[in-house]
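Colleague: So I've got this file, query.cif, and it contains mmCIF, C-alpha atoms:
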data_protein
#
loop_
_atom_site.group_PDB
_atom_site.id
_atom_site.type_symbol
_atom_site.label_atom_id
_atom_site.label_comp_id
_atom_site.auth_asym_id
_atom_site.auth_seq_id
_atom_site.Cartn_x
_atom_site.Cartn_y
_atom_site.Cartn_z
ATOM 1 C CA ILE A 260 28.911 -70.352 -36.337
ATOM 2 C CA GLU A 261 28.005 -67.517 -38.692
ATOM 3 C CA GLU A 262 31.686 -67.444 -39.690
ATOM 4 C CA MET A 263 31.656 -71.095 -40.846
ATOM 5 C CA THR A 264 32.150 -71.873 -44.512
ATOM 6 C CA LEU A 265 28.648 -72.172 -45.964
ATOM 7 C CA LEU A 266 28.039 -74.212 -49.110
ATOM 8 C CA LEU A 267 25.059 -74.173 -51.485
ATOM 9 C CA ASP A 268 25.079 -76.759 -54.283
ATOM 10 C CA GLY A 269 28.724 -77.484 -53.434
ATOM 11 C CA LYS A 270 29.822 -73.866 -53.915
ATOM 12 C CA ARG A 271 30.843 -71.399 -51.243
ATOM 13 C CA TYR A 272 27.951 -69.087 -50.404
ATOM 14 C CA TYR A 273 28.204 -65.643 -48.853
ATOM 15 C CA SER A 274 25.622 -62.996 -48.116
ATOM 16 C CA SER A 275 25.633 -60.325 -45.427
ATOM 17 C CA ASP A 276 22.142 -61.409 -44.305
ATOM 18 C CA VAL A 277 22.983 -65.045 -43.393
ATOM 19 C CA ASN A 278 21.405 -65.962 -40.060
ATOM 20 C CA TYR A 279 21.460 -69.306 -38.192
ATOM 21 C CA TRP A 280 18.850 -70.527 -35.669
ATOM 22 C CA GLY A 281 17.122 -73.658 -34.408
ATOM 23 C CA ILE A 282 20.256 -75.752 -33.854
ATOM 24 C CA THR A 283 20.037 -79.476 -33.044
ATOM 25 C CA PHE A 284 23.169 -81.535 -32.326
ATOM 26 C CA ALA A 285 23.955 -85.169 -33.102
ATOM 27 C CA ASP A 286 25.113 -87.388 -30.231
ATOM 28 C CA ASP A 287 28.791 -86.912 -31.174
ATOM 29 C CA GLY A 288 28.555 -83.171 -30.423
ATOM 30 C CA LYS A 289 30.310 -82.381 -33.718
ATOM 31 C CA LYS A 290 27.591 -82.722 -36.335
ATOM 32 C CA PHE A 291 24.624 -80.429 -36.120
ATOM 33 C CA TYR A 292 21.659 -79.286 -38.143
ATOM 34 C CA ALA A 293 20.253 -75.769 -38.159
ATOM 35 C CA THR A 294 18.150 -73.327 -40.102
ATOM 36 C CA VAL A 295 19.896 -70.752 -42.250
ATOM 37 C CA GLY A 296 17.922 -67.762 -43.427
ATOM 38 C CA THR A 297 19.154 -65.719 -46.375
ATOM 39 C CA LYS A 298 17.570 -63.600 -49.092
ATOM 40 C CA GLY A 299 14.042 -64.371 -47.886
ATOM 41 C CA LYS A 300 14.497 -68.170 -47.932
ATOM 42 C CA THR A 301 15.231 -70.756 -45.253
ATOM 43 C CA TYR A 302 17.418 -73.825 -45.594
ATOM 44 C CA LEU A 303 18.287 -76.876 -43.530
ATOM 45 C CA VAL A 304 22.046 -77.043 -43.084
ATOM 46 C CA GLU A 305 24.091 -80.042 -42.055
ATOM 47 C CA ALA A 306 27.275 -78.855 -40.404
ATOM 48 C CA ASP A 307 30.475 -80.106 -38.846
ATOM 49 C CA TYR A 308 31.522 -78.065 -35.822
ATOM 50 C CA GLU A 309 35.153 -79.296 -35.968
ATOM 51 C CA LYS A 310 35.626 -78.660 -39.714
ATOM 52 C CA LEU A 311 33.602 -75.419 -39.566
ATOM 53 C CA VAL A 312 31.700 -76.273 -42.757
ATOM 54 C CA ALA A 313 27.933 -76.151 -43.268
ATOM 55 C CA ASN A 314 26.072 -77.491 -46.317
ATOM 56 C CA MET A 315 22.632 -76.173 -47.227
ATOM 57 C CA ILE A 316 20.808 -79.435 -47.999
ATOM 58 C CA ARG A 317 17.102 -78.544 -48.271
ATOM 59 C CA GLU A 318 15.020 -75.425 -48.752
ATOM 60 C CA ASN A 319 11.975 -74.427 -46.654
ATOM 61 C CA VAL A 320 13.024 -75.974 -43.358
ATOM 62 C CA GLU A 321 12.863 -74.116 -40.049
ATOM 63 C CA CYS A 322 13.616 -75.129 -36.472
ATOM 64 C CA PRO A 323 14.972 -78.649 -37.089
ATOM 65 C CA SER A 324 15.004 -81.297 -34.379
ATOM 66 C CA LEU A 325 17.089 -84.457 -34.839
ATOM 67 C CA SER A 326 15.428 -87.748 -33.879
ATOM 68 C CA PRO A 327 17.014 -89.834 -31.090
ATOM 69 C CA ASP A 328 18.221 -92.390 -33.660
ATOM 70 C CA GLY A 329 19.809 -89.605 -35.754
ATOM 71 C CA LYS A 330 17.950 -90.627 -38.913
ATOM 72 C CA ARG A 331 15.197 -87.998 -39.194
ATOM 73 C CA ILE A 332 14.586 -84.311 -38.725
ATOM 74 C CA ALA A 333 11.285 -82.908 -37.456
ATOM 75 C CA PHE A 334 10.766 -79.328 -38.611
ATOM 76 C CA LYS A 335 8.281 -76.624 -39.398
ATOM 77 C CA LYS A 336 7.640 -76.043 -43.086
ATOM 78 C CA ARG A 337 6.131 -72.898 -44.551
ATOM 79 C CA VAL A 338 3.008 -74.004 -46.407
ATOM 80 C CA SER A 339 1.113 -70.716 -46.714
ATOM 81 C CA ALA A 340 1.628 -66.986 -47.124
ATOM 82 C CA ASP A 341 -1.179 -66.511 -44.586
ATOM 83 C CA LEU A 342 0.545 -64.884 -41.604
ATOM 84 C CA ALA A 343 -2.058 -66.372 -39.250
ATOM 85 C CA ALA A 344 -1.241 -69.976 -40.232
ATOM 86 C CA PRO A 345 1.984 -70.259 -42.229
ATOM 87 C CA TRP A 346 3.533 -73.520 -40.929
ATOM 88 C CA ARG A 347 2.931 -77.260 -40.706
ATOM 89 C CA LEU A 348 5.061 -79.851 -38.973
ATOM 90 C CA ALA A 349 6.903 -82.373 -41.111
ATOM 91 C CA VAL A 350 9.570 -85.052 -40.752
ATOM 92 C CA LEU A 351 12.453 -85.527 -43.180
ATOM 93 C CA ASP A 352 14.154 -88.903 -43.587
ATOM 94 C CA LEU A 353 17.816 -87.909 -43.991
ATOM 95 C CA ALA A 354 18.856 -91.000 -45.975
ATOM 96 C CA SER A 355 16.059 -91.025 -48.550
ATOM 97 C CA GLY A 356 15.038 -87.361 -48.564
ATOM 98 C CA LYS A 357 11.405 -88.423 -48.097
ATOM 99 C CA GLU A 358 9.295 -85.777 -46.378
ATOM 100 C CA THR A 359 6.208 -86.696 -44.343
ATOM 101 C CA MET A 360 3.642 -84.139 -43.240
ATOM 102 C CA LEU A 361 2.460 -84.841 -39.695
ATOM 103 C CA ALA A 362 -1.170 -85.281 -38.668
ATOM 104 C CA GLU A 363 -1.245 -81.949 -36.797
ATOM 105 C CA THR A 364 -3.150 -79.547 -39.070
ATOM 106 C CA ARG A 365 -2.825 -76.395 -36.956
ATOM 107 C CA SER A 366 -0.015 -73.953 -37.684
ATOM 108 C CA VAL A 367 2.848 -74.682 -35.272
ATOM 109 C CA ASP A 368 5.432 -71.970 -34.594
ATOM 110 C CA ASP A 369 7.719 -74.018 -32.341
ATOM 111 C CA GLN A 370 10.856 -76.139 -32.501
ATOM 112 C CA ALA A 371 9.521 -79.666 -32.052
ATOM 113 C CA ALA A 372 11.132 -82.107 -29.621
ATOM 114 C CA TRP A 373 11.273 -85.866 -30.024
ATOM 115 C CA LEU A 374 9.771 -87.819 -27.129
ATOM 116 C CA ASP A 375 11.113 -91.067 -28.627
ATOM 117 C CA ASP A 376 11.854 -92.375 -32.150
ATOM 118 C CA ARG A 377 8.117 -92.479 -32.946
ATOM 119 C CA THR A 378 6.673 -89.315 -31.362
ATOM 120 C CA VAL A 379 7.159 -85.575 -31.837
ATOM 121 C CA ALA A 380 6.041 -82.986 -29.258
ATOM 122 C CA TYR A 381 5.474 -79.252 -29.752
ATOM 123 C CA GLY A 382 3.737 -76.256 -28.271
ATOM 124 C CA VAL A 383 0.537 -74.828 -29.750
ATOM 125 C CA GLU A 384 -2.534 -73.052 -28.349
ATOM 126 C CA SER A 385 -1.199 -72.837 -24.765
ATOM 127 C CA GLY A 386 -0.447 -76.535 -24.476
ATOM 128 C CA ILE A 387 2.145 -79.163 -25.308
ATOM 129 C CA TRP A 388 0.928 -81.673 -27.840
ATOM 130 C CA ALA A 389 2.324 -84.868 -29.373
ATOM 131 C CA VAL A 390 1.786 -86.573 -32.703
ATOM 132 C CA PRO A 391 3.188 -89.724 -34.367
ATOM 133 C CA ALA A 392 6.296 -89.006 -36.456
ATOM 134 C CA ASP A 393 5.117 -91.194 -39.355
ATOM 135 C CA GLY A 394 2.178 -88.947 -40.329
ATOM 136 C CA SER A 395 -0.462 -91.270 -38.901
ATOM 137 C CA GLY A 396 -2.777 -90.812 -35.962
ATOM 138 C CA ALA A 397 -3.933 -87.578 -34.403
ATOM 139 C CA ALA A 398 -2.523 -84.914 -32.129
ATOM 140 C CA ARG A 399 -3.034 -85.397 -28.390
ATOM 141 C CA GLU A 400 -2.521 -82.869 -25.639
ATOM 142 C CA LEU A 401 0.149 -83.816 -23.103
ATOM 143 C CA VAL A 402 0.332 -80.723 -20.876
ATOM 144 C CA THR A 403 -2.147 -77.855 -20.542
ATOM 145 C CA ARG A 404 -1.040 -74.266 -19.931
ATOM 146 C CA ALA A 405 2.468 -74.856 -21.262
ATOM 147 C CA SER A 406 4.351 -73.368 -24.178
ATOM 148 C CA SER A 407 7.151 -75.572 -25.552
ATOM 149 C CA PRO A 408 8.459 -79.083 -24.813
ATOM 150 C CA ALA A 409 11.943 -79.936 -23.617
ATOM 151 C CA GLY A 410 13.380 -83.417 -23.304
ATOM 152 C CA VAL A 411 14.890 -84.342 -19.944
#
Please go through the file and, once you have read it, give me the structure as structure tokens.
Modeller:
Amino acid sequence: IEEMTLLLDGKRYYSSDVNYWGITFADDGKKFYATVGTKGKTYLVEADYEKLVANMIRENVECPSLSPDGKRIAFKKRVSADLAAPWRLAVLDLASGKETMLAETRSVDDQAAWLDDRTVAYGVESGIWAVPADGSGAARELVTRASSPAGV
């Protein structure tokens, strides 16, 4: 995918340091979202695997995870230069562009997974935790001595 046409603000973008990670596919298997890192910044890209085109649509998004209904992206957002606690979890509404910080206040270095359309799970402090996707509530531990969730 690193050979796909990459667009920033509608213009073709090229840099030798472009790197993709954290891919999440839509149900059709053609559209996907991923993180692109370049020149010290990260971007959420929306891409079409058949057309081989990716659009950088939002800065400061890492490890996206598409909701089951395909309408939102859970992701980790860099909120601090402190290397001990640089990230917070957030959810982006793709239609409106509204970003919601989640109730988890610890730094989470994990690609979140959606349990359902209302709940996001993630690994932190040797456990798998879950939190409401609308920013309300509180984190709750689901599994002890585990590292990262996976939907089955």
Colleague: Please identify all polymer residues within 7 Å of Val295 in chain A, counting all atoms listed in the file, omitting same-chain residues fewer than 5 positions from it, and present them as an MDAnalysis selection string.
Modeller: chainID A and resid 277:280 301:304
Colleague: Can you work out which one of A:Lys330, A:Arg347, A:Arg337, A:Lys270 has the shortest atom-to-atom distance to Ala313 in chain A, counting all atoms listed in the file?
Modeller: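 Closest residue, counting all atoms listed in the file: A:Lys270.
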Colleague: Around the point (0.0, -84.9, -22.5), in the coordinates given by the file, pick out the residues reaching within 10 Å, counting all atoms listed in the file, and return them as a list in words.
Modeller: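 Every polymer residue passing the test: Ala380, Gly386, Ile387, Trp388, Ala389, Ala398, Arg399, Glu400, Leu401, Val402 and Thr403 of chain A.
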Colleague: For a quick check of understanding, using only C-alpha atoms, which of A:Thr364, A:Ser324, A:Gln370, A:Ser275 has the smallest distance to Val350 in chain A?
Modeller: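 Looking at the shortest contact to Val350 in chain A, the residue is A:Ser324.
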Colleague: Run the PyMOL selection byres ((chain A and resi 274) around 12) mentally over the shown coordinates, then write out the matched residues as a list in words, using the chain letters and numbers from the document.
Modeller: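 On the file shown, the PyMOL selection byres ((chain A and resi 274) around 12) covers Glu261, Glu262, Thr264, Leu265, Leu266, Leu267, Arg271, Tyr272, Tyr273, Ser275, Asp276, Val277, Asn278, Val295, Gly296, Thr297, Lys298 and Gly299 of chain A.
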Colleague: Would you work out the distance separating CA of Val383 in chain A from CA of Ala306 in chain A, expressed in Å to one decimal?
Modeller: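 It comes out at 29.1 Å.
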Colleague: Kindly give the distance, in Å, that separates CA of Pro408 in chain A and CA of Pro327 in chain A, rounded to a single decimal.
Modeller: 15.1 Å
Colleague: Have a look at CA of Ala333 in chain A and CA of Val379 in chain A and let me know their distance in Å, one decimal.
Modeller: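 About the pair CA of Ala333 in chain A and CA of Val379 in chain A: they are 7.5 Å apart.
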